[in-house]
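One file, final_16.cif, is given below (mmCIF, C-alpha atoms and all ligand atoms).
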```
data_my_file
#
loop_
_atom_site.group_PDB
_atom_site.id
_atom_site.type_symbol
_atom_site.label_atom_id
_atom_site.label_comp_id
_atom_site.auth_asym_id
_atom_site.auth_seq_id
_atom_site.Cartn_x
_atom_site.Cartn_y
_atom_site.Cartn_z
ATOM 1 C CA MET A 279 -124.814 -36.942 -129.096
ATOM 2 C CA SER A 280 -121.647 -37.735 -127.209
ATOM 3 C CA ILE A 281 -122.992 -40.958 -125.754
ATOM 4 C CA GLU A 282 -123.806 -42.295 -129.224
ATOM 5 C CA ARG A 283 -120.291 -41.573 -130.442
ATOM 6 C CA ALA A 284 -118.854 -43.199 -127.334
ATOM 7 C CA ALA A 285 -121.101 -46.247 -127.779
ATOM 8 C CA GLU A 286 -120.051 -46.615 -131.401
ATOM 9 C CA ARG A 287 -116.362 -46.508 -130.407
ATOM 10 C CA LEU A 288 -116.928 -48.937 -127.571
ATOM 11 C CA ALA A 289 -118.732 -51.459 -129.762
ATOM 12 C CA ARG A 290 -115.735 -51.746 -132.096
ATOM 13 C CA ALA A 291 -112.952 -51.450 -129.521
ATOM 14 C CA GLU A 292 -110.840 -54.572 -129.062
ATOM 15 C CA HIS A 293 -108.739 -53.576 -126.078
ATOM 16 C CA VAL A 294 -110.762 -51.723 -123.465
ATOM 17 C CA LEU A 295 -109.031 -50.176 -120.468
ATOM 18 C CA VAL A 296 -111.204 -48.870 -117.638
ATOM 19 C CA VAL A 297 -109.954 -46.782 -114.733
ATOM 20 C CA THR A 298 -112.193 -46.065 -111.757
ATOM 21 C CA GLY A 299 -111.892 -43.711 -108.822
ATOM 22 C CA ALA A 300 -113.792 -42.725 -105.699
ATOM 23 C CA GLY A 301 -116.793 -41.328 -107.606
ATOM 24 C CA ILE A 302 -118.192 -44.749 -108.490
ATOM 25 C CA SER A 303 -117.911 -45.843 -104.841
ATOM 26 C CA ALA A 304 -119.576 -42.650 -103.630
ATOM 27 C CA GLU A 305 -122.640 -43.648 -105.654
ATOM 28 C CA SER A 306 -122.853 -46.745 -103.437
ATOM 29 C CA GLY A 307 -122.657 -44.561 -100.344
ATOM 30 C CA ILE A 308 -118.990 -45.201 -99.548
ATOM 31 C CA PRO A 309 -117.590 -42.028 -97.969
ATOM 32 C CA THR A 310 -114.256 -40.677 -99.154
ATOM 33 C CA PHE A 311 -112.326 -41.468 -96.020
ATOM 34 C CA ARG A 312 -109.639 -39.048 -97.058
ATOM 35 C CA GLY A 313 -111.990 -36.171 -97.753
ATOM 36 C CA GLU A 314 -113.495 -33.359 -95.743
ATOM 37 C CA GLY A 315 -115.406 -34.552 -92.704
ATOM 38 C CA GLY A 316 -113.667 -37.922 -92.865
ATOM 39 C CA LEU A 317 -112.911 -37.886 -89.169
ATOM 40 C CA TRP A 318 -112.999 -41.018 -87.022
ATOM 41 C CA ARG A 319 -112.565 -40.645 -83.253
ATOM 42 C CA GLY A 320 -111.278 -37.162 -84.028
ATOM 43 C CA LEU A 321 -108.529 -38.500 -86.285
ATOM 44 C CA HIS A 322 -107.880 -37.861 -89.966
ATOM 45 C CA ALA A 323 -107.006 -40.588 -92.449
ATOM 46 C CA GLN A 324 -103.537 -39.048 -92.591
ATOM 47 C CA ASP A 325 -103.120 -39.933 -88.889
ATOM 48 C CA LEU A 326 -104.157 -43.562 -89.434
ATOM 49 C CA ALA A 327 -103.295 -44.738 -92.930
ATOM 50 C CA THR A 328 -99.523 -44.637 -92.581
ATOM 51 C CA PRO A 329 -96.791 -47.153 -91.706
ATOM 52 C CA GLU A 330 -95.802 -44.905 -88.774
ATOM 53 C CA ALA A 331 -99.311 -44.956 -87.307
ATOM 54 C CA PHE A 332 -99.367 -48.758 -87.565
ATOM 55 C CA ARG A 333 -95.977 -49.102 -85.865
ATOM 56 C CA ARG A 334 -97.068 -46.744 -83.104
ATOM 57 C CA ASN A 335 -100.494 -48.240 -82.486
ATOM 58 C CA PRO A 336 -101.535 -51.219 -84.628
ATOM 59 C CA ARG A 337 -104.689 -51.743 -82.560
ATOM 60 C CA LEU A 338 -105.950 -48.228 -83.309
ATOM 61 C CA VAL A 339 -105.270 -48.656 -87.025
ATOM 62 C CA TRP A 340 -106.972 -52.072 -87.097
ATOM 63 C CA ASP A 341 -109.989 -50.677 -85.213
ATOM 64 C CA TRP A 342 -110.344 -48.039 -87.916
ATOM 65 C CA TYR A 343 -110.013 -50.551 -90.744
ATOM 66 C CA ARG A 344 -112.494 -52.955 -89.114
ATOM 67 C CA TRP A 345 -114.967 -50.092 -88.904
ATOM 68 C CA ARG A 346 -114.298 -49.112 -92.511
ATOM 69 C CA ARG A 347 -114.618 -52.722 -93.661
ATOM 70 C CA GLY A 348 -118.032 -52.879 -92.019
ATOM 71 C CA VAL A 349 -119.106 -49.763 -93.928
ATOM 72 C CA CYS A 350 -117.830 -51.217 -97.227
ATOM 73 C CA ASN A 351 -119.340 -54.663 -96.695
ATOM 74 C CA GLU A 352 -122.739 -53.165 -95.966
ATOM 75 C CA ALA A 353 -122.685 -51.181 -99.227
ATOM 76 C CA GLU A 354 -123.885 -52.747 -102.468
ATOM 77 C CA PRO A 355 -122.392 -52.496 -105.961
ATOM 78 C CA ASN A 356 -124.410 -50.003 -108.017
ATOM 79 C CA PRO A 357 -125.499 -50.170 -111.685
ATOM 80 C CA GLY A 358 -122.157 -48.580 -112.676
ATOM 81 C CA HIS A 359 -120.194 -51.458 -111.124
ATOM 82 C CA GLN A 360 -122.550 -53.965 -112.743
ATOM 83 C CA ALA A 361 -122.224 -52.295 -116.150
ATOM 84 C CA LEU A 362 -118.426 -52.631 -115.982
ATOM 85 C CA ALA A 363 -118.708 -56.340 -115.181
ATOM 86 C CA GLU A 364 -121.006 -56.644 -118.205
ATOM 87 C CA LEU A 365 -118.528 -54.712 -120.365
ATOM 88 C CA GLU A 366 -115.791 -57.153 -119.334
ATOM 89 C CA ARG A 367 -117.913 -60.034 -120.651
ATOM 90 C CA ARG A 368 -118.457 -58.273 -123.989
ATOM 91 C CA ALA A 369 -115.052 -56.747 -124.753
ATOM 92 C CA PRO A 370 -112.546 -59.051 -126.509
ATOM 93 C CA ASP A 371 -109.706 -57.775 -124.311
ATOM 94 C CA PHE A 372 -110.311 -55.891 -121.094
ATOM 95 C CA LEU A 373 -108.638 -54.560 -117.963
ATOM 96 C CA LEU A 374 -110.102 -52.629 -115.050
ATOM 97 C CA LEU A 375 -107.768 -50.619 -112.845
ATOM 98 C CA THR A 376 -109.184 -49.181 -109.670
ATOM 99 C CA GLN A 377 -107.914 -47.130 -106.792
ATOM 100 C CA ASN A 378 -110.950 -48.181 -104.753
ATOM 101 C CA VAL A 379 -110.351 -50.594 -101.890
ATOM 102 C CA ASP A 380 -113.999 -51.331 -101.006
ATOM 103 C CA GLY A 381 -114.267 -54.607 -102.936
ATOM 104 C CA LEU A 382 -117.393 -53.504 -104.837
ATOM 105 C CA HIS A 383 -115.933 -54.310 -108.278
ATOM 106 C CA PRO A 384 -115.226 -57.978 -107.495
ATOM 107 C CA ARG A 385 -118.599 -58.253 -105.762
ATOM 108 C CA ALA A 386 -120.234 -56.985 -108.969
ATOM 109 C CA GLY A 387 -118.447 -59.754 -110.885
ATOM 110 C CA SER A 388 -115.347 -58.005 -112.271
ATOM 111 C CA GLN A 389 -112.459 -60.454 -112.694
ATOM 112 C CA ARG A 390 -109.902 -58.865 -115.010
ATOM 113 C CA LEU A 391 -109.262 -56.348 -112.284
ATOM 114 C CA ALA A 392 -106.246 -54.777 -110.603
ATOM 115 C CA GLU A 393 -106.997 -53.186 -107.228
ATOM 116 C CA LEU A 394 -104.018 -50.877 -107.237
ATOM 117 C CA HIS A 395 -104.493 -49.580 -103.709
ATOM 118 C CA GLY A 396 -105.306 -52.956 -102.174
ATOM 119 C CA CYS A 397 -108.538 -54.290 -100.716
ATOM 120 C CA ILE A 398 -110.313 -53.703 -97.416
ATOM 121 C CA ASP A 399 -111.022 -57.456 -97.100
ATOM 122 C CA GLN A 400 -107.367 -58.474 -97.236
ATOM 123 C CA ALA A 401 -104.433 -58.399 -94.861
ATOM 124 C CA ARG A 402 -100.727 -58.714 -95.539
ATOM 125 C CA CYS A 403 -98.211 -60.255 -93.153
ATOM 126 C CA THR A 404 -95.594 -57.782 -91.925
ATOM 127 C CA ILE A 405 -93.080 -60.665 -91.707
ATOM 128 C CA CYS A 406 -93.564 -63.029 -94.665
ATOM 129 C CA GLY A 407 -95.679 -60.794 -96.929
ATOM 130 C CA ALA A 408 -98.462 -63.361 -97.435
ATOM 131 C CA ILE A 409 -101.755 -61.789 -98.527
ATOM 132 C CA THR A 410 -104.825 -63.397 -96.953
ATOM 133 C CA HIS A 411 -108.550 -62.716 -96.831
ATOM 134 C CA LEU A 412 -109.406 -61.396 -93.375
ATOM 135 C CA ASP A 413 -112.068 -64.081 -92.882
ATOM 136 C CA GLU A 414 -109.303 -66.697 -93.048
ATOM 137 C CA LEU A 415 -107.045 -65.082 -90.464
ATOM 138 C CA GLN A 416 -107.113 -65.847 -86.754
ATOM 139 C CA ASP A 417 -106.495 -63.164 -84.193
ATOM 140 C CA GLY A 418 -103.317 -63.511 -82.171
ATOM 141 C CA ASP A 419 -103.117 -63.259 -78.363
ATOM 142 C CA ASP A 420 -103.083 -59.484 -78.780
ATOM 143 C CA GLY A 421 -106.461 -59.577 -80.571
ATOM 144 C CA LEU A 422 -104.928 -58.456 -83.863
ATOM 145 C CA PRO A 423 -104.994 -60.451 -87.114
ATOM 146 C CA SER A 424 -102.102 -62.883 -87.145
ATOM 147 C CA CYS A 425 -100.531 -64.695 -90.110
ATOM 148 C CA SER A 426 -100.111 -68.486 -90.061
ATOM 149 C CA CYS A 427 -96.356 -67.804 -89.710
ATOM 150 C CA GLY A 428 -97.093 -65.969 -86.452
ATOM 151 C CA GLY A 429 -96.345 -62.515 -87.865
ATOM 152 C CA LEU A 430 -98.579 -59.502 -87.288
ATOM 153 C CA ALA A 431 -100.794 -58.844 -90.318
ATOM 154 C CA ARG A 432 -101.576 -55.344 -91.525
ATOM 155 C CA PRO A 433 -104.326 -54.087 -93.823
ATOM 156 C CA HIS A 434 -103.425 -54.817 -97.461
ATOM 157 C CA ILE A 435 -103.889 -51.180 -98.396
ATOM 158 C CA LEU A 436 -101.543 -48.687 -99.976
ATOM 159 C CA TRP A 437 -100.879 -46.130 -97.272
ATOM 160 C CA PHE A 438 -99.776 -42.505 -97.410
ATOM 161 C CA GLY A 439 -96.094 -42.275 -98.166
ATOM 162 C CA GLU A 440 -95.879 -45.817 -99.539
ATOM 163 C CA ALA A 441 -94.800 -46.735 -103.069
ATOM 164 C CA TYR A 442 -96.932 -48.980 -105.254
ATOM 165 C CA TRP A 443 -96.124 -52.648 -104.781
ATOM 166 C CA GLU A 444 -93.607 -53.904 -107.229
ATOM 167 C CA GLY A 445 -95.112 -54.765 -110.583
ATOM 168 C CA THR A 446 -98.538 -53.366 -109.707
ATOM 169 C CA LEU A 447 -98.536 -50.655 -112.324
ATOM 170 C CA ASP A 448 -96.678 -52.692 -114.959
ATOM 171 C CA VAL A 449 -99.791 -54.636 -115.925
ATOM 172 C CA GLY A 450 -101.608 -51.323 -116.407
ATOM 173 C CA TYR A 451 -98.883 -49.755 -118.539
ATOM 174 C CA ALA A 452 -98.539 -52.916 -120.638
ATOM 175 C CA PHE A 453 -102.275 -52.786 -121.355
ATOM 176 C CA ALA A 454 -102.187 -49.019 -121.991
ATOM 177 C CA ALA A 455 -99.773 -49.627 -124.862
ATOM 178 C CA ARG A 456 -102.368 -51.727 -126.734
ATOM 179 C CA ALA A 457 -105.616 -50.099 -125.545
ATOM 180 C CA ASP A 458 -107.788 -48.616 -128.281
ATOM 181 C CA LEU A 459 -110.386 -47.242 -125.883
ATOM 182 C CA VAL A 460 -109.954 -45.965 -122.361
ATOM 183 C CA LEU A 461 -112.895 -45.250 -120.105
ATOM 184 C CA VAL A 462 -112.222 -43.114 -117.047
ATOM 185 C CA VAL A 463 -114.939 -43.237 -114.398
ATOM 186 C CA GLY A 464 -115.427 -41.143 -111.284
ATOM 187 C CA THR A 465 -111.986 -39.707 -110.956
ATOM 188 C CA SER A 466 -111.154 -36.109 -110.274
ATOM 189 C CA GLY A 467 -107.652 -35.598 -111.590
ATOM 190 C CA MET A 468 -104.377 -36.953 -112.819
ATOM 191 C CA VAL A 469 -102.542 -36.802 -109.517
ATOM 192 C CA TRP A 470 -102.828 -40.507 -108.882
ATOM 193 C CA ALA A 471 -101.178 -43.300 -110.797
ATOM 194 C CA PRO A 472 -104.210 -45.064 -112.343
ATOM 195 C CA ALA A 473 -105.179 -41.821 -114.074
ATOM 196 C CA ALA A 474 -101.614 -41.498 -115.318
ATOM 197 C CA VAL A 475 -101.964 -44.960 -116.879
ATOM 198 C CA ALA A 476 -105.176 -43.799 -118.586
ATOM 199 C CA ASP A 477 -103.412 -40.723 -119.875
ATOM 200 C CA GLN A 478 -100.573 -42.897 -121.179
ATOM 201 C CA ALA A 479 -103.121 -44.936 -123.149
ATOM 202 C CA ARG A 480 -104.558 -41.728 -124.597
ATOM 203 C CA ARG A 481 -101.095 -40.557 -125.632
ATOM 204 C CA ALA A 482 -100.501 -43.919 -127.282
ATOM 205 C CA GLY A 483 -103.592 -43.367 -129.419
ATOM 206 C CA ALA A 484 -106.529 -44.734 -127.429
ATOM 207 C CA PHE A 485 -109.859 -42.927 -127.637
ATOM 208 C CA MET A 486 -110.577 -41.535 -124.180
ATOM 209 C CA VAL A 487 -114.042 -41.221 -122.667
ATOM 210 C CA ASP A 488 -114.520 -39.576 -119.278
ATOM 211 C CA VAL A 489 -117.625 -40.367 -117.234
ATOM 212 C CA ASN A 490 -117.988 -37.843 -114.470
ATOM 213 C CA PRO A 491 -120.730 -35.643 -113.034
ATOM 214 C CA ASN A 492 -118.251 -32.771 -112.730
ATOM 215 C CA PRO A 493 -115.606 -31.468 -115.104
ATOM 216 C CA SER A 494 -112.039 -32.454 -114.244
ATOM 217 C CA GLU A 495 -108.561 -32.292 -115.736
ATOM 218 C CA LEU A 496 -109.357 -35.626 -117.336
ATOM 219 C CA SER A 497 -112.547 -34.388 -118.988
ATOM 220 C CA ASP A 498 -110.442 -31.684 -120.634
ATOM 221 C CA ALA A 499 -107.982 -34.275 -121.921
ATOM 222 C CA ALA A 500 -110.665 -36.767 -122.967
ATOM 223 C CA ASP A 501 -112.034 -37.071 -126.507
ATOM 224 C CA LEU A 502 -115.516 -37.224 -125.027
ATOM 225 C CA TRP A 503 -116.907 -36.253 -121.678
ATOM 226 C CA LEU A 504 -120.141 -37.971 -120.645
ATOM 227 C CA ARG A 505 -121.559 -35.877 -117.876
ATOM 228 C CA GLY A 506 -123.428 -37.732 -115.156
ATOM 229 C CA PRO A 507 -123.140 -40.373 -112.464
ATOM 230 C CA SER A 508 -121.647 -43.671 -113.598
ATOM 231 C CA GLY A 509 -124.685 -45.597 -112.382
ATOM 232 C CA VAL A 510 -126.765 -43.795 -115.016
ATOM 233 C CA VAL A 511 -124.254 -43.216 -117.812
ATOM 234 C CA LEU A 512 -122.537 -46.638 -117.966
ATOM 235 C CA PRO A 513 -125.640 -48.853 -118.289
ATOM 236 C CA GLU A 514 -126.938 -46.498 -120.999
ATOM 237 C CA LEU A 515 -123.579 -46.539 -122.798
ATOM 238 C CA ILE A 516 -123.463 -50.343 -122.868
ATOM 239 C CA ARG A 517 -127.101 -50.644 -123.877
ATOM 240 C CA ARG A 518 -126.440 -48.363 -126.850
ATOM 241 C CA ALA A 519 -123.192 -50.084 -127.810
ATOM 242 C CA TRP A 520 -124.806 -53.533 -128.014
ATOM 243 C CA SER A 521 -128.388 -52.753 -128.949
HETATM 244 ZN ZN ZN B 601 -96.597 -64.424 -92.358
#
```

Could you rewrite the structure in this file as structure tokens?
Ligand SMILES: [Zn+2]
Amino acid sequence: MSIERAAERLARAEHVLVVTGAGISAESGIPTFRGEGGLWRGLHAQDLATPEAFRRNPRLVWDWYRWRRGVCNEAEPNPGHQALAELERRAPDFLLLTQNVDGLHPRAGSQRLAELHGCIDQARCTICGAITHLDELQDGDDGLPSCSCGGLARPHILWFGEAYWEGTLDVGYAFAARADLVLVVGTSGMVWAPAAVADQARRAGAFMVDVNPNPSELSDAADLWLRGPSGVVLPELIRRAWS
């Protein structure tokens, strides 16, 4: 069975790279804000998650992110998130790259983690660049989160049309060069950078396992495809690897 082969590989892997996408969040009930039906006050994410939208109407953009943050904070990490935190404790060398901004990985206990698209709980100053947890920011006179330097803070989220922050992907590519196993979870394609890092690891010789309920470009490229939701497949995979 595929899961037994994957478990055997995982148990002897020394450098484990994990890449997660929206699928693992969906299992916790987080909607894909960019997807179909992702309207808020009649607006699409593409109308809100851009630097232009923030310049035009920062209050509208913050209202949307405050609403989204509420949705994310009410959700709970699922057994897939918890299994990845457990894997981090067992693997000799480990890195988790995620495109998810909902904060569910850190809440599940993941620490060796790069949130490549930012985090819904953080803000970044538009003047000095300081990154601060939203709970530690005061609102300015305009009712919008304000940095201690007095600058307007924006959501610390990678928006449409923005490049990755400097150095963000470097840590992923450096790890990809030494990874001997790469686990791709809940992603649907290679169009986004974290999946490209996973593919780089595969090209460099890592054994690639895709965990996904539906076939994707990545399942075709992977050495093994474990079909199913991550909340079912990952706990079973780890149980078999260390039983
Ligand atoms: Zn500042």

Next on the checklist: I need the residue nearest Pro336 (chain A) from this list: A:Ala479, A:Leu430, A:Ala474, A:Ala369. Use all atoms listed in the file for the distance.
Outcome noted: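 The answer is A:Leu430, which sits nearest to Pro336 (chain A).
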
I'd like the residues picked by the PyMOL selection byres (((chain A and resi 429) around 9) and not hetatm) written out as a PDB file with C-alpha atoms, in the coordinates of the input, using the chain letters and numbers from the file.
```
ATOM      1  CA  CYS A 403     -98.211 -60.255 -93.153  1.00  0.00           C
ATOM      2  CA  THR A 404     -95.594 -57.782 -91.925  1.00  0.00           C
ATOM      3  CA  ILE A 405     -93.080 -60.665 -91.707  1.00  0.00           C
ATOM      4  CA  CYS A 406     -93.564 -63.029 -94.665  1.00  0.00           C
ATOM      5  CA  PRO A 423    -104.994 -60.451 -87.114  1.00  0.00           C
ATOM      6  CA  SER A 424    -102.102 -62.883 -87.145  1.00  0.00           C
ATOM      7  CA  CYS A 425    -100.531 -64.695 -90.110  1.00  0.00           C
ATOM      8  CA  SER A 426    -100.111 -68.486 -90.061  1.00  0.00           C
ATOM      9  CA  CYS A 427     -96.356 -67.804 -89.710  1.00  0.00           C
ATOM     10  CA  GLY A 428     -97.093 -65.969 -86.452  1.00  0.00           C
ATOM     11  CA  LEU A 430     -98.579 -59.502 -87.288  1.00  0.00           C
ATOM     12  CA  ALA A 431    -100.794 -58.844 -90.318  1.00  0.00           C
TER      13      ALA A 431
END
```

Checklist entry - Quick one: distance from CA of Val297 (chain A) to CA of Pro472 (chain A) in Å, one decimal? => result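 Interatomic distance, CA of Val297 (chain A) to CA of Pro472 (chain A): 6.5 Å.
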
Item to check | Two-atom distance - CA of Thr376 (chain A), CA of Trp443 (chain A) (Å) | outcome: 14.4 Å

Checklist entry - Residues around (-107.1, -48.7, -106.6), cut-off 6 Å, counting only C-alpha atoms - what are they as a ChimeraX atom specification? => result /A:376-378,393-395

Checklist entry - At a cut-off of 10 Å from (-111.1, -43.3, -88.4) in the coordinates of the file, what residues are picked up using only C-alpha atoms, written as a list in words? => result Phe311, Arg312, Gly316, Leu317, Trp318, Arg319, Gly320, Leu321, His322, Ala323, Gln324, Asp325, Leu326, Ala327, Leu338, Val339, Trp340, Asp341, Trp342, Tyr343, Arg344, Trp345 and Arg346 of chain A

Item to check | Computed interatomic separation between CA of Leu391 (chain A) and CA of Ala285 (chain A) (Å) | outcome: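 Computing the Euclidean distance for CA of Leu391 (chain A) and CA of Ala285 (chain A) yields 22.0 Å.
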
Item to check | Non-local contacts of Asp488 (chain A) (7 Å; all atoms listed in the file; under 2 positions in same chain excluded) as a list in words | outcome: Leu461, Val462, Val463, Met486, Asn490, Leu496, Ser497, Ala500, Leu502, Trp503 and Leu504 of chain A

Item to check | Expected selection from the PyMOL selection byres (((chain A and resi 363) around 9) and not hetatm), given as a PyMOL selection string | outcome: chain A and resi 358-362+364-367+383-384+386-389

Next on the checklist: Going by the chain IDs and residue numbers used in this file, which residues fall under the PyMOL selection byres (((chain A and resi 299) around 6) and not hetatm)? Write them as an MDAnalysis selection string.
Outcome noted: chainID A and resid 298 300:301 377 464:465

Please determine an axis-aligned box that encloses all atoms of region 448-451 of chain A listed in the file, with 4 Å added on each side, and express its centre and edge lengths in Å to one decimal as JSON.
```
{"center_x": -99.1, "center_y": -52.2, "center_z": -116.7, "size_x": 12.9, "size_y": 12.9, "size_z": 11.6}
```

Next on the checklist: From the options A:Ile409, A:Ala353, A:Ile281, A:Leu382, which residue's atoms come nearest to ligand ZN 601 (chain B), counting only C-alpha atoms and all ligand atoms?
Outcome noted: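 Closest to ligand ZN 601 (chain B) of all the choices is A:Ile409.
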
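With only C-alpha atoms and all ligand atoms as the atoms that count, the residue of A:Gln478, A:Thr328, A:Thr446, A:Thr410 with the shortest distance to ligand ZN 601 (chain B) is A:Thr410.
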
Next on the checklist: Let me make sure I understand: among A:Glu282, A:Ala482, A:Ala401, A:Ala408, which one has the smallest atom-to-atom distance to ligand ZN 601 (chain B) if we use only C-alpha atoms and all ligand atoms?
Outcome noted: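 Answer, going by the shortest atom-to-atom distance: A:Ala408.
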
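In terms of minimum interatomic distance to Gly506 (chain A), A:Ile302 ranks closest within A:Gly348, A:Ile302, A:Trp437, A:Arg518, counting only C-alpha atoms.
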
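The nearest approach to ligand ZN 601 (chain B) among the residues A:Ala304, A:Ala471, A:Val489, A:Leu415, with only C-alpha atoms and all ligand atoms taken into account, belongs to A:Leu415.
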